[in-house]
>>> print(open('entry.txt').read())   # compact mmCIF, C-alpha atoms and all ligand atoms
# COMPACT_ATOMS: atom_id res chain seq x y z
CA ALA K 1 69.80 166.08 83.00
CA SER K 2 72.97 164.61 81.54
CA VAL K 3 74.24 163.72 85.04
CA LEU K 4 71.04 161.82 85.66
CA ARG K 5 71.41 160.08 82.33
CA VAL K 6 75.00 159.04 83.16
CA ARG K 7 73.84 157.78 86.56
CA GLU K 8 71.09 155.77 84.90
CA ILE K 9 73.55 154.23 82.43
CA ILE K 10 75.95 153.30 85.24
CA ILE K 11 73.19 151.73 87.32
CA THR K 12 71.92 149.71 84.36
CA ASP K 13 75.46 148.58 83.66
CA VAL K 14 76.15 147.58 87.27
CA ASN K 15 72.88 145.66 87.42
CA LYS K 16 73.73 143.86 84.20
CA LYS K 17 77.16 142.91 85.52
CA ALA K 18 75.70 141.73 88.85
CA ASN K 19 73.28 139.56 86.96
CA GLU K 20 76.09 138.07 84.87
CA VAL K 21 78.06 137.27 88.02
CA ARG K 22 74.99 135.63 89.57
CA LEU K 23 74.44 133.50 86.46
CA LEU K 24 78.11 132.48 86.36
CA ASN K 25 77.99 131.58 90.03
CA GLU K 26 74.90 129.43 89.45
CA LYS K 27 76.67 127.67 86.58
CA LEU K 28 79.72 127.08 88.75
CA GLN K 29 77.57 125.62 91.55
CA ALA K 30 75.82 123.34 89.06
CA ALA K 31 79.22 122.20 87.70
CA TYR K 32 80.41 121.48 91.24
CA GLU K 33 77.28 119.45 91.91
CA GLU K 34 77.73 117.48 88.71
CA LEU K 35 81.37 116.80 89.54
CA ASP K 36 80.41 115.65 93.06
CA THR K 37 77.77 113.28 91.73
CA PHE K 38 80.19 111.96 89.12
CA SER K 39 82.98 111.43 91.69
CA TYR K 40 80.58 109.85 94.13
CA THR K 41 79.14 107.39 91.61
CA ILE K 42 82.44 106.42 90.02
CA SER K 43 84.18 105.95 93.38
CA HIS K 44 81.38 103.66 94.51
CA ASP K 45 81.47 101.69 91.25
CA LEU K 46 85.25 101.26 91.43
CA ARG K 47 85.11 99.90 94.95
CA THR K 48 83.35 96.63 94.14
CA PRO K 49 85.77 95.33 91.47
CA LEU K 50 88.70 96.54 93.57
CA THR K 51 87.45 94.53 96.53
CA SER K 52 87.40 91.37 94.44
CA ILE K 53 90.93 92.02 93.12
CA LYS K 54 92.11 92.38 96.71
CA THR K 55 90.20 89.37 98.03
CA TYR K 56 91.41 87.01 95.30
CA ALA K 57 95.02 88.24 95.49
CA GLU K 58 94.95 87.61 99.24
CA LEU K 59 93.48 84.13 98.71
CA MET K 60 96.13 83.27 96.12
CA LEU K 61 98.87 84.49 98.44
CA LYS K 62 97.77 81.80 100.91
CA ASN K 63 97.88 79.12 98.21
CA LYS K 64 100.84 76.76 98.86
CA SER K 65 101.43 76.02 95.18
CA ILE K 66 102.45 79.65 94.46
CA ASP K 67 106.26 80.12 94.40
CA ASP K 68 108.19 83.11 95.79
CA ASN K 69 108.22 84.92 92.48
CA GLY K 70 104.44 84.61 92.20
CA LYS K 71 104.08 85.84 95.78
CA LYS K 72 106.14 88.93 95.00
CA MET K 73 103.83 89.73 92.09
CA LEU K 74 100.78 89.24 94.27
CA ASP K 75 102.27 91.60 96.84
CA ARG K 76 102.64 94.22 94.13
CA ILE K 77 99.00 93.74 93.14
CA LEU K 78 97.93 94.17 96.76
CA THR K 79 100.04 97.30 97.28
CA GLY K 80 98.58 98.78 94.10
CA ALA K 81 95.04 97.86 95.17
CA ASP K 82 95.60 99.49 98.59
CA LYS K 83 96.82 102.72 96.99
CA MET K 84 93.82 102.76 94.67
CA ASN K 85 91.49 102.10 97.57
CA PHE K 86 92.97 105.03 99.46
CA LEU K 87 92.58 107.38 96.51
CA ILE K 88 88.98 106.28 96.00
CA LYS K 89 88.24 106.92 99.68
CA GLU K 90 89.71 110.44 99.42
CA ILE K 91 87.68 111.29 96.31
CA LEU K 92 84.58 109.89 97.99
CA ASN K 93 85.32 112.11 101.03
CA LEU K 94 85.63 115.17 98.80
CA ALA K 95 82.36 114.40 97.03
CA ARG K 96 80.64 113.78 100.39
CA VAL K 97 81.71 117.21 101.63
CA GLY K 98 80.21 118.76 98.52
CA ARG K 99 76.94 116.93 99.00
CA SER K 100 76.43 117.48 102.74
CA ASP K 101 75.08 120.44 104.66
CA VAL K 102 77.06 121.97 107.48
CA ILE K 103 75.51 121.27 110.87
CA PHE K 104 76.72 123.99 113.23
CA GLU K 105 77.46 122.85 116.77
CA THR K 106 80.16 123.37 119.38
CA VAL K 107 83.24 121.32 118.59
CA SER K 108 85.21 120.42 121.67
CA MET K 109 88.76 120.88 120.44
CA PRO K 110 90.78 119.36 123.31
CA LEU K 111 88.83 116.11 122.94
CA LEU K 112 88.90 116.11 119.16
CA LEU K 113 92.63 116.84 118.97
CA LYS K 114 93.46 114.15 121.50
CA ASP K 115 91.70 111.53 119.33
CA ILE K 116 93.19 112.83 116.08
CA THR K 117 96.79 113.13 117.27
CA THR K 118 96.69 109.64 118.81
CA GLU K 119 95.35 108.25 115.53
CA VAL K 120 97.84 110.15 113.33
CA TRP K 121 100.85 109.33 115.51
CA THR K 122 99.95 105.63 115.32
CA ALA K 123 99.22 105.66 111.58
CA PHE K 124 102.54 107.32 110.70
CA LYS K 125 104.56 105.57 113.44
CA ALA K 126 105.64 109.01 114.57
CA ASP K 127 107.03 108.07 118.02
CA ASN K 128 109.96 110.47 117.67
CA ALA K 129 107.76 113.43 116.74
CA GLU K 130 107.21 115.95 119.52
CA LEU K 131 103.69 117.35 119.96
CA VAL K 132 103.26 120.77 121.56
CA LEU K 133 99.73 121.89 122.35
CA GLY K 134 98.88 125.51 123.14
CA GLN K 135 95.46 126.93 123.97
CA LEU K 136 92.73 124.86 122.37
CA PRO K 137 89.55 126.97 122.24
CA ASP K 138 86.35 125.29 121.02
CA LEU K 139 85.06 125.96 117.50
CA LYS K 140 81.61 126.43 116.01
CA GLY K 141 81.12 124.14 113.05
CA ASP K 142 80.30 120.69 111.79
CA ASN K 143 81.93 118.09 114.04
CA THR K 144 82.64 115.54 111.29
CA MET K 145 83.92 118.11 108.82
CA ILE K 146 86.12 119.92 111.35
CA ALA K 147 87.58 116.56 112.38
CA GLN K 148 88.45 115.95 108.73
CA VAL K 149 90.16 119.37 108.44
CA PHE K 150 92.39 118.75 111.45
CA THR K 151 93.09 115.11 110.51
CA ASN K 152 94.33 116.20 107.08
CA LEU K 153 96.42 119.15 108.33
CA ILE K 154 97.98 117.22 111.21
CA SER K 155 98.67 114.17 108.98
CA ASN K 156 100.48 116.45 106.53
CA ALA K 157 102.49 118.13 109.30
CA VAL K 158 103.64 114.71 110.55
CA LYS K 159 104.15 113.22 107.09
CA TYR K 160 106.17 116.10 105.66
CA SER K 161 108.42 116.44 108.70
CA SER K 162 109.17 112.73 109.13
CA MET K 163 112.57 113.18 107.42
CA VAL K 164 113.98 115.67 109.92
CA GLU K 165 115.88 114.40 112.93
CA LYS K 166 113.54 115.84 115.54
CA PRO K 167 110.08 116.51 114.10
CA LYS K 168 108.07 118.99 116.14
CA ILE K 169 104.39 119.71 115.59
CA GLU K 170 102.74 122.63 117.37
CA ILE K 171 98.99 123.20 117.50
CA PHE K 172 97.43 126.27 119.05
CA GLY K 173 94.27 128.33 118.79
CA ASP K 174 93.44 131.97 119.39
CA VAL K 175 90.06 133.70 119.70
CA ASN K 176 89.62 137.23 118.37
CA THR K 177 86.47 139.33 118.07
CA GLU K 178 85.17 137.61 114.94
CA GLU K 179 87.04 134.37 114.47
CA THR K 180 88.80 131.52 116.17
CA VAL K 181 92.10 130.88 114.40
CA TYR K 182 94.08 127.66 114.67
CA ALA K 183 97.69 127.13 113.62
CA ILE K 184 99.31 123.78 112.83
CA LYS K 185 103.04 124.26 112.64
CA ASP K 186 105.76 121.84 111.61
CA ASN K 187 109.54 121.99 111.17
CA GLY K 188 109.56 119.79 108.07
CA MET K 189 110.49 120.09 104.42
CA GLY K 190 108.45 123.21 103.68
CA ILE K 191 106.94 124.32 100.37
CA ASP K 192 108.78 126.01 97.52
CA ASN K 193 107.30 129.49 97.07
CA ARG K 194 106.75 129.02 93.35
CA TYR K 195 103.93 126.61 94.32
CA TYR K 196 102.23 128.98 96.76
CA ASP K 197 99.17 129.53 94.58
CA ARG K 198 98.63 125.88 93.78
CA VAL K 199 98.90 124.12 97.14
CA PHE K 200 95.12 123.75 97.62
CA GLU K 201 94.53 122.59 94.06
CA LEU K 202 93.05 119.10 93.65
CA PHE K 203 95.71 116.41 92.86
CA LYS K 204 98.55 118.95 93.01
CA ARG K 205 101.65 117.66 94.81
CA MET K 206 104.97 119.51 95.03
CA ASP K 207 108.18 118.23 93.44
CA ASN K 208 109.90 117.60 96.76
CA VAL K 209 107.40 114.98 98.02
CA LYS K 210 107.81 112.29 95.38
CA ASP K 211 109.06 109.67 97.88
CA ILE K 212 106.20 110.27 100.29
CA ASP K 213 102.82 108.61 99.78
CA GLY K 214 99.94 110.92 99.03
CA THR K 215 97.16 111.75 96.59
CA GLY K 216 96.93 115.56 96.53
CA VAL K 217 93.30 115.46 97.68
CA GLY K 218 93.69 116.32 101.39
CA LEU K 219 94.12 120.08 101.13
CA ALA K 220 91.39 120.37 98.49
CA ILE K 221 89.05 118.77 101.04
CA VAL K 222 90.26 121.19 103.73
CA LYS K 223 89.61 124.19 101.47
CA ARG K 224 86.16 122.94 100.51
CA ILE K 225 85.12 122.40 104.14
CA VAL K 226 86.47 125.76 105.28
CA GLU K 227 84.64 127.52 102.44
CA LYS K 228 81.41 125.75 103.41
CA HIS K 229 81.82 127.27 106.88
CA ASN K 230 82.57 130.75 105.45
CA GLY K 231 85.96 130.43 107.09
CA ARG K 232 89.49 131.00 105.83
CA VAL K 233 92.55 128.83 105.27
CA TRP K 234 96.11 129.92 104.40
CA PHE K 235 99.70 129.02 105.14
CA GLU K 236 103.24 130.28 105.59
CA SER K 237 106.18 128.15 104.64
CA LYS K 238 109.90 128.17 104.05
CA LEU K 239 111.58 125.45 102.05
CA ASN K 240 113.60 123.13 104.31
CA TYR K 241 112.47 124.94 107.46
CA GLY K 242 108.81 124.10 107.87
CA SER K 243 105.23 125.19 107.33
CA THR K 244 102.37 126.63 109.33
CA PHE K 245 98.81 126.11 108.14
CA TYR K 246 96.11 128.38 109.55
CA VAL K 247 92.33 127.85 109.64
CA ALA K 248 89.90 130.49 110.85
CA PHE K 249 86.25 129.84 111.72
CA LYS K 250 83.65 132.49 112.53
CA ASN K 251 82.63 132.67 116.21
CA ARG K 252 78.92 133.06 115.21
P1 LIG K 301 98.95 114.78 99.81
O1 LIG K 301 99.54 115.02 101.15
O2 LIG K 301 98.09 113.57 99.75
O3 LIG K 301 99.97 114.82 98.72
P2 LIG K 301 97.51 117.32 100.15
O4 LIG K 301 96.41 117.86 99.31
O5 LIG K 301 97.24 117.10 101.59
O6 LIG K 301 97.96 115.98 99.43
O7 LIG K 301 98.76 118.30 100.01
C1 LIG K 301 99.14 118.76 98.73
C2 LIG K 301 100.64 118.99 98.67
O8 LIG K 301 100.99 120.13 99.48
C3 LIG K 301 101.49 117.84 99.21
O9 LIG K 301 101.70 116.84 98.24
C4 LIG K 301 102.76 118.56 99.60
O10 LIG K 301 103.56 118.75 98.43
C5 LIG K 301 102.26 119.93 100.06
N1 LIG K 301 102.11 119.99 101.54
C6 LIG K 301 100.97 119.94 102.23
N2 LIG K 301 101.19 120.08 103.55
C7 LIG K 301 102.52 120.23 103.70
C8 LIG K 301 103.39 120.43 104.83
N3 LIG K 301 102.93 120.50 106.09
N4 LIG K 301 104.73 120.56 104.59
C9 LIG K 301 105.20 120.50 103.32
N5 LIG K 301 104.45 120.32 102.22
C10 LIG K 301 103.11 120.18 102.40
>>> encode(input="entry.txt", output="structure tokens")
Amino acid sequence: ASVLRVREIIITDVNKKANEVRLLNEKLQAAYEELDTFSYTISHDLRTPLTSIKTYAELMLKNKSIDDNGKKMLDRILTGADKMNFLIKEILNLARVGRSDVIFETVSMPLLLKDITTEVWTAFKADNAELVLGQLPDLKGDNTMIAQVFTNLISNAVKYSSMVEKPKIEIFGDVNTEETVYAIKDNGMGIDNRYYDRVFELFKRMDNVKDIDGTGVGLAIVKRIVEKHNGRVWFESKLNYGSTFYVAFKNR
């Protein structure tokens, strides 16, 4: 009888714990939702005044009565406004991911990667960066979201290897029984291993990237999208040698 009693106590305890976890999870989801709504609203509200700052600064810049000193100041205002605009767009993207449902479809990777690499190479003026493509198997997932994942990872690979003499970016995929895994490899500055746990954290940027523009939102978006797909994301890196980011999506 005492064995039965112990069993009963354990079962009650496990059930209680499971219930607590479920409640915590619900709270966490609700907090995420609130944060997404907050980010979404505030980003939208910031855009309108920012647009007028930009428009009027541009108009003043064209005004002949403004001297060189005044023009320099206006340039600073415009650079600041552009940076703010970029950050707002990134936060809006993150909030959008949180608020949208994943629509599963076949994502044609050769096509997608061709568009993305062309766009990224142009945006970062990366003419000297070599691109090596391996096998590019298709993925199952949300076209828009997957495009965002690869845009962010490839932009980072290009951005954080722009200082080496011969940047080389390699992209290749591999299908196993359960997942399709993609690797995006660069020979850039790498990541100090004391930051390993914090790389995907929102707004977190490493010490060695101070001179390079960025917001620390890109990888948080990647993580969020991959989680929404029940996929995985991780990386390997060596400071001053380069990094490889991996994403794995279920074959379904
Ligand atoms: P951002 O690039 O806008 O700073 P991310 O969220 O995309 O933000 O990346 C967070 C940080 O992780 C970067 O600031 C950088 O320190 C580091 N990082 C990301 N990708 C790489 C990479 N390929 N090589 C080296 N460091 C990287």
>>> atom_distance(input="entry.txt", atom1="atom CA of Leu139 of chain K", atom2="atom CA of Val107 of chain K")
5.1 Å
>>> residues_near_ligand(input="entry.txt", ligand="ligand LIG 301 (chain K)", cutoff="8 Å", atoms="all atoms listed in the file", output="NGL selection string")
:K and (152-161 or 185-186 or 188-191 or 199-209 or 212-221 or 237 or 242-245)
>>> residues_around(input="entry.txt", residues="segment 84-90 of chain K", least_positions_apart="3", cutoff="12 Å", atoms="only C-alpha atoms", output="tab-separated table (two decimals) with C-alpha atoms, in the coordinates of the input")
chain	number	residue	atom	x	y	z
K	39	SER	CA	82.98	111.43	91.69
K	40	TYR	CA	80.58	109.85	94.13
K	41	THR	CA	79.14	107.39	91.61
K	42	ILE	CA	82.44	106.42	90.02
K	43	SER	CA	84.18	105.95	93.38
K	44	HIS	CA	81.38	103.66	94.51
K	45	ASP	CA	81.47	101.69	91.25
K	46	LEU	CA	85.25	101.26	91.43
K	47	ARG	CA	85.11	99.90	94.95
K	48	THR	CA	83.35	96.63	94.14
K	49	PRO	CA	85.77	95.33	91.47
K	50	LEU	CA	88.70	96.54	93.57
K	51	THR	CA	87.45	94.53	96.53
K	52	SER	CA	87.40	91.37	94.44
K	53	ILE	CA	90.93	92.02	93.12
K	54	LYS	CA	92.11	92.38	96.71
K	77	ILE	CA	99.00	93.74	93.14
K	78	LEU	CA	97.93	94.17	96.76
K	79	THR	CA	100.04	97.30	97.28
K	80	GLY	CA	98.58	98.78	94.10
K	81	ALA	CA	95.04	97.86	95.17
K	93	ASN	CA	85.32	112.11	101.03
K	94	LEU	CA	85.63	115.17	98.80
K	95	ALA	CA	82.36	114.40	97.03
K	96	ARG	CA	80.64	113.78	100.39
K	97	VAL	CA	81.71	117.21	101.63
K	148	GLN	CA	88.45	115.95	108.73
K	152	ASN	CA	94.33	116.20	107.08
K	202	LEU	CA	93.05	119.10	93.65
K	203	PHE	CA	95.71	116.41	92.86
K	213	ASP	CA	102.82	108.61	99.78
K	214	GLY	CA	99.94	110.92	99.03
K	215	THR	CA	97.16	111.75	96.59
K	216	GLY	CA	96.93	115.56	96.53
K	217	VAL	CA	93.30	115.46	97.68
K	218	GLY	CA	93.69	116.32	101.39
K	219	LEU	CA	94.12	120.08	101.13
K	220	ALA	CA	91.39	120.37	98.49
K	221	ILE	CA	89.05	118.77	101.04
K	222	VAL	CA	90.26	121.19	103.73
>>> atom_distance(input="entry.txt", atom1="atom CA of Leu35 of chain K", atom2="atom CA of Glu105 of chain K")
28.2 Å
>>> atom_distance(input="entry.txt", atom1="atom CA of Thr117 of chain K", atom2="atom CA of Phe249 of chain K")
20.5 Å
>>> closest_residue(input="entry.txt", among="K:Glu34, K:Asp197, K:Asp13, K:Asp142", to="Val226 of chain K", atoms="only C-alpha atoms")
K:Asp142
>>> closest_residue(input="entry.txt", among="K:Lys168, K:Arg198, K:Arg224, K:Lys16", to="Glu130 of chain K", atoms="only C-alpha atoms")
K:Lys168
>>> residues_near_point(input="entry.txt", point="(88.7, 121.7, 109.8)", cutoff="8 Å", atoms="all atoms listed in the file", output="PyMOL selection string")
chain K and resi 145-151+222+225-226+247
>>> closest_residue(input="entry.txt", among="K:Ala57, K:Asn251, K:Ala183, K:Asn240", to="Gly134 of chain K", atoms="all atoms listed in the file")
K:Ala183
>>> closest_residue(input="entry.txt", among="K:Arg76, K:Lys140, K:Lys83, K:Lys166", to="Asn230 of chain K", atoms="only C-alpha atoms")
K:Lys140
>>> residues_around(input="entry.txt", residues="Glu170 of chain K", least_positions_apart="5", cutoff="6 Å", atoms="all atoms listed in the file", output="list in words")
Leu131, Val132, Leu133, Ile184 and Lys185 of chain K
>>> closest_residue(input="entry.txt", among="K:Ala248, K:Met60, K:Gly141, K:Glu26", to="Lys72 of chain K", atoms="all atoms listed in the file")
K:Met60
>>> residues_around(input="entry.txt", residues="Pro110 of chain K", least_positions_apart="5", cutoff="8 Å", atoms="all atoms listed in the file", output="PDB file with C-alpha atoms, in the coordinates of the input")
ATOM      1  CA  LEU K 136      92.730 124.860 122.370  1.00  0.00           C
ATOM      2  CA  PRO K 137      89.550 126.970 122.240  1.00  0.00           C
ATOM      3  CA  ASP K 138      86.350 125.290 121.020  1.00  0.00           C
TER       4      ASP K 138
END
>>> closest_residue(input="entry.txt", among="K:Glu227, K:Glu58, K:Asp127, K:Glu179", to="Pro167 of chain K", atoms="only C-alpha atoms")
K:Asp127
